[in-house]
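Below is one structure; the comments refer to it alone.
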Amino acid sequence: MKSKRIRRYSGFTITELILAIAVSSILILAVGAVMMDTQRGWMDSYAKVHGGAATDAAVAKTAFDKVVRKASRSIYHFNADDDITVYYYNNWLTSTDPDRAARFYRSTENPSEMYIRHSDIETKEVLAEVLLAANVADLEFKPISGGIEMKMALDDGREATTIVTTALLHNE
């Protein structure tokens, strides 16, 4: 009598393969979702740091600090809450009186823009006018002991930021 040998093939059944594919698909989708959230968070953070409102705030703060710190402590004019003129020395070694003026103001044509205008006091000539910030929602200047405070709120539609800076007036 012939003995029948049963051959067994080693391998996976179709059910095991489908189950393995399903589990690995779920894991891949979970890792992909985490990576997408991480990328979205990174892009939002990058946009806030390098976006319009943050950059404008930094530029306005730096210009305000630089000009006001060399301004005269005794001569400045608040033209409105959002408009100030400070007087400073072009060359403090040779000048006895302030000979330059810097006006920080919001544009009347476009109130969302903040400018600085440098001018010569004697000739009234405008030396430079520079846009410091766009998307200005609120701007306020006020005197404090020995200096001037600037509070500015910016909103570019994607991001809103508020800065408050104080610059001390160093010159007499």
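Letters A, B, ... go to the chains of the structure tokens in the order shown; residues in each chain start at 1; ligands are counted from 1 in the same order.
Backbone DSSP over stretch 14-91 of chain A yields strand (DSSP E or B) at Ala71, Ser72, Arg73, Ser74, Ile75, Tyr76, His77, Phe78, Asn79, Ala80, Asp83, Ile84, Thr85, Val86, Tyr87 and Tyr88 of chain A.
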Problem set entry | Close residues, stretch 126-136 of chain A itself excluded, 8 Å, only C-alpha atoms, min 5 positions apart in chain, as JSON, numbers by chain | {"A": [53, 56, 57, 59, 60, 63, 111, 112, 113, 114, 115, 116, 117, 118, 119, 120, 152, 153, 154, 155, 156]}
Could the residues in this selection be written to a file with N, CA and C atoms, as a tab-separated table (two decimals), in the first residue's frame?
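New file selection_6.tsv:
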```
chain	number	residue	atom	x	y	z
A	53	ALA	N	3.38	91.06	10.97
A	53	ALA	CA	3.15	91.78	12.22
A	53	ALA	C	4.38	91.75	13.12
A	56	ASP	N	7.22	93.92	11.49
A	56	ASP	CA	6.89	95.34	11.61
A	56	ASP	C	7.07	95.83	13.05
A	57	ALA	N	6.65	95.00	14.01
A	57	ALA	CA	6.79	95.38	15.43
A	57	ALA	C	8.26	95.55	15.79
A	59	VAL	N	10.80	96.26	13.76
A	59	VAL	CA	11.36	97.42	13.05
A	59	VAL	C	10.93	98.71	13.75
A	60	ALA	N	9.65	98.82	14.09
A	60	ALA	CA	9.15	100.03	14.74
A	60	ALA	C	9.79	100.23	16.11
A	63	ALA	N	13.52	101.38	15.66
A	63	ALA	CA	13.62	102.78	15.21
A	63	ALA	C	13.22	103.74	16.33
A	111	PRO	N	-4.69	104.91	8.05
A	111	PRO	CA	-4.40	104.84	9.49
A	111	PRO	C	-3.74	103.54	9.95
A	112	SER	N	-3.63	102.56	9.06
A	112	SER	CA	-2.98	101.32	9.46
A	112	SER	C	-1.47	101.36	9.21
A	113	GLU	N	-0.94	102.53	8.83
A	113	GLU	CA	0.49	102.67	8.57
A	113	GLU	C	1.12	103.66	9.55
A	114	MET	N	2.29	103.29	10.07
A	114	MET	CA	3.05	104.16	10.97
A	114	MET	C	4.33	104.60	10.27
A	115	TYR	N	4.59	105.90	10.30
A	115	TYR	CA	5.76	106.47	9.64
A	115	TYR	C	6.66	107.19	10.64
A	116	ILE	N	7.89	107.40	10.22
A	116	ILE	CA	8.80	108.31	10.90
A	116	ILE	C	9.30	109.29	9.85
A	117	ARG	N	9.27	110.57	10.22
A	117	ARG	CA	9.74	111.62	9.30
A	117	ARG	C	10.86	112.39	10.00
A	118	HIS	N	12.06	112.36	9.41
A	118	HIS	CA	13.19	113.11	9.92
A	118	HIS	C	13.25	114.43	9.15
A	119	SER	N	13.49	115.52	9.88
A	119	SER	CA	13.60	116.82	9.21
A	119	SER	C	14.62	117.69	9.92
A	120	ASP	N	15.10	118.67	9.18
A	120	ASP	CA	16.03	119.65	9.71
A	120	ASP	C	15.20	120.75	10.36
A	152	MET	N	1.92	99.76	20.74
A	152	MET	CA	1.44	99.56	19.38
A	152	MET	C	0.86	98.16	19.23
A	153	ALA	N	-0.33	98.09	18.66
A	153	ALA	CA	-0.98	96.81	18.36
A	153	ALA	C	-1.01	96.66	16.85
A	154	LEU	N	-0.57	95.49	16.37
A	154	LEU	CA	-0.56	95.20	14.94
A	154	LEU	C	-1.41	93.97	14.68
A	155	ASP	N	-2.11	93.99	13.56
A	155	ASP	CA	-2.94	92.85	13.18
A	155	ASP	C	-2.94	92.75	11.66
A	156	ASP	N	-2.33	91.67	11.13
A	156	ASP	CA	-2.27	91.51	9.68
A	156	ASP	C	-3.30	90.51	9.15
```
Exercise. Hey, which of A:Asn79, A:Ser145, A:Thr38, A:Asn91 ends up closest to A:Arg106? Count only C-alpha atoms.
Worked result: A:Asn79
Using only C-alpha atoms, tabulate the residues of stretch 61-85 of chain A lying at most 8 Å from any atom of stretch 92-102 of chain A, each with its closest atom pair and that distance in Å to one decimal, by chain and increasing residue number, as CSV.
```
residue,atom,partner,partner_atom,distance
A:Val67,CA,A:Ala102,CA,7.5
A:Ser72,CA,A:Pro98,CA,7.0
A:Thr85,CA,A:Ala102,CA,5.5
```
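We find atom CA of A:Tyr88 and atom CA of A:Lys70 to be spaced 6.0 Å apart.
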Exercise. Interatomic distance between atom CA of A:Ala47 and atom CA of A:Val31?
Worked result: 24.4 Å
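With only C-alpha atoms as the atoms that count, the residue of A:Asp65, A:Asp81, A:Glu16, A:Asp44 with the shortest distance to A:Glu140 is A:Asp81.
You can rank A:Ile163, A:Met35, A:Ile21, A:Ile84 by their closest distance to A:Thr55 using only C-alpha atoms, and at the top of that list sits A:Ile163.
Pairwise distance (atom CA of A:Lys142, atom CA of A:Thr108) equals 19.9 Å.
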Problem set entry | Residue set, stretch 31-144 of chain A restricted to alpha helix (DSSP H), as a PyMOL selection string | chain A and resi 31-50+52-69
Write a file of the just-selected residues containing N, CA and C atoms, as a CSV table (one decimal), in the first residue's frame.
```csv
chain,number,residue,atom,x,y,z
A,31,VAL,N,1.3,57.7,12.1
A,31,VAL,CA,2.6,58.4,12.0
A,31,VAL,C,2.4,59.6,11.0
A,32,GLY,N,1.7,59.4,10.0
A,32,GLY,CA,1.5,60.5,9.0
A,32,GLY,C,0.7,61.7,9.6
A,33,ALA,N,-0.3,61.4,10.4
A,33,ALA,CA,-1.1,62.4,11.1
A,33,ALA,C,-0.2,63.2,12.1
A,34,VAL,N,0.6,62.5,12.8
A,34,VAL,CA,1.5,63.2,13.7
A,34,VAL,C,2.5,64.1,13.0
A,35,MET,N,3.0,63.6,11.9
A,35,MET,CA,4.0,64.4,11.1
A,35,MET,C,3.3,65.6,10.5
A,36,MET,N,2.0,65.5,10.0
A,36,MET,CA,1.3,66.6,9.5
A,36,MET,C,1.1,67.7,10.5
A,37,ASP,N,0.7,67.3,11.7
A,37,ASP,CA,0.4,68.2,12.8
A,37,ASP,C,1.7,68.9,13.2
A,38,THR,N,2.8,68.2,13.2
A,38,THR,CA,4.1,68.8,13.5
A,38,THR,C,4.5,69.8,12.5
A,39,GLN,N,4.3,69.5,11.2
A,39,GLN,CA,4.6,70.4,10.1
A,39,GLN,C,3.8,71.7,10.2
A,40,ARG,N,2.5,71.5,10.4
A,40,ARG,CA,1.6,72.6,10.5
A,40,ARG,C,2.0,73.5,11.7
A,41,GLY,N,2.3,73.0,12.8
A,41,GLY,CA,2.8,73.8,14.0
A,41,GLY,C,4.1,74.5,13.7
A,42,TRP,N,5.0,73.9,13.0
A,42,TRP,CA,6.2,74.5,12.6
A,42,TRP,C,6.0,75.7,11.7
A,43,MET,N,5.1,75.5,10.7
A,43,MET,CA,4.8,76.6,9.7
A,43,MET,C,4.1,77.7,10.4
A,44,ASP,N,3.2,77.5,11.4
A,44,ASP,CA,2.5,78.5,12.1
A,44,ASP,C,3.5,79.3,12.9
A,45,SER,N,4.4,78.6,13.6
A,45,SER,CA,5.5,79.3,14.4
A,45,SER,C,6.4,80.1,13.5
A,46,TYR,N,6.8,79.6,12.4
A,46,TYR,CA,7.7,80.3,11.5
A,46,TYR,C,7.0,81.6,11.0
A,47,ALA,N,5.7,81.5,10.6
A,47,ALA,CA,4.9,82.6,10.1
A,47,ALA,C,4.8,83.7,11.2
A,48,LYS,N,4.6,83.3,12.4
A,48,LYS,CA,4.5,84.3,13.5
A,48,LYS,C,5.8,85.0,13.7
A,49,VAL,N,6.9,84.3,13.7
A,49,VAL,CA,8.2,84.9,13.9
A,49,VAL,C,8.7,85.7,12.8
A,50,HIS,N,8.5,85.3,11.5
A,50,HIS,CA,8.9,85.9,10.4
A,50,HIS,C,7.8,86.6,9.6
A,52,GLY,N,4.5,89.3,8.9
A,52,GLY,CA,4.4,90.8,8.8
A,52,GLY,C,4.3,91.5,10.1
A,53,ALA,N,3.4,91.1,11.0
A,53,ALA,CA,3.2,91.8,12.2
A,53,ALA,C,4.4,91.7,13.1
A,54,ALA,N,5.0,90.6,13.3
A,54,ALA,CA,6.2,90.5,14.1
A,54,ALA,C,7.4,91.3,13.6
A,55,THR,N,7.6,91.2,12.3
A,55,THR,CA,8.7,92.0,11.7
A,55,THR,C,8.4,93.5,11.8
A,56,ASP,N,7.2,93.9,11.5
A,56,ASP,CA,6.9,95.3,11.6
A,56,ASP,C,7.1,95.8,13.0
A,57,ALA,N,6.7,95.0,14.0
A,57,ALA,CA,6.8,95.4,15.4
A,57,ALA,C,8.3,95.6,15.8
A,58,ALA,N,9.1,94.7,15.3
A,58,ALA,CA,10.5,94.7,15.6
A,58,ALA,C,11.2,96.0,15.0
A,59,VAL,N,10.8,96.3,13.8
A,59,VAL,CA,11.4,97.4,13.0
A,59,VAL,C,10.9,98.7,13.7
A,60,ALA,N,9.6,98.8,14.1
A,60,ALA,CA,9.1,100.0,14.7
A,60,ALA,C,9.8,100.2,16.1
A,61,LYS,N,9.9,99.2,16.9
A,61,LYS,CA,10.5,99.2,18.2
A,61,LYS,C,12.0,99.7,18.1
A,62,THR,N,12.7,99.1,17.2
A,62,THR,CA,14.1,99.5,17.0
A,62,THR,C,14.3,100.9,16.6
A,63,ALA,N,13.5,101.4,15.7
A,63,ALA,CA,13.6,102.8,15.2
A,63,ALA,C,13.2,103.7,16.3
A,64,PHE,N,12.1,103.4,17.0
A,64,PHE,CA,11.7,104.3,18.1
A,64,PHE,C,12.8,104.4,19.2
A,65,ASP,N,13.3,103.2,19.6
A,65,ASP,CA,14.4,103.2,20.7
A,65,ASP,C,15.6,104.0,20.2
A,66,LYS,N,16.0,103.8,19.0
A,66,LYS,CA,17.2,104.5,18.5
A,66,LYS,C,17.1,106.0,18.5
A,67,VAL,N,16.0,106.5,18.0
A,67,VAL,CA,15.8,107.9,17.8
A,67,VAL,C,15.5,108.6,19.2
A,68,VAL,N,14.6,108.0,20.0
A,68,VAL,CA,14.2,108.6,21.2
A,68,VAL,C,15.4,108.7,22.2
A,69,ARG,N,16.2,107.7,22.2
A,69,ARG,CA,17.4,107.7,23.1
A,69,ARG,C,18.4,108.8,22.9
```
Problem set entry | Selection: 6 Å around A:Ile148, only C-alpha atoms, excl. self and same-chain fewer than 3 positions, as JSON, numbers by chain | {"A": [142, 143, 144, 166, 167]}
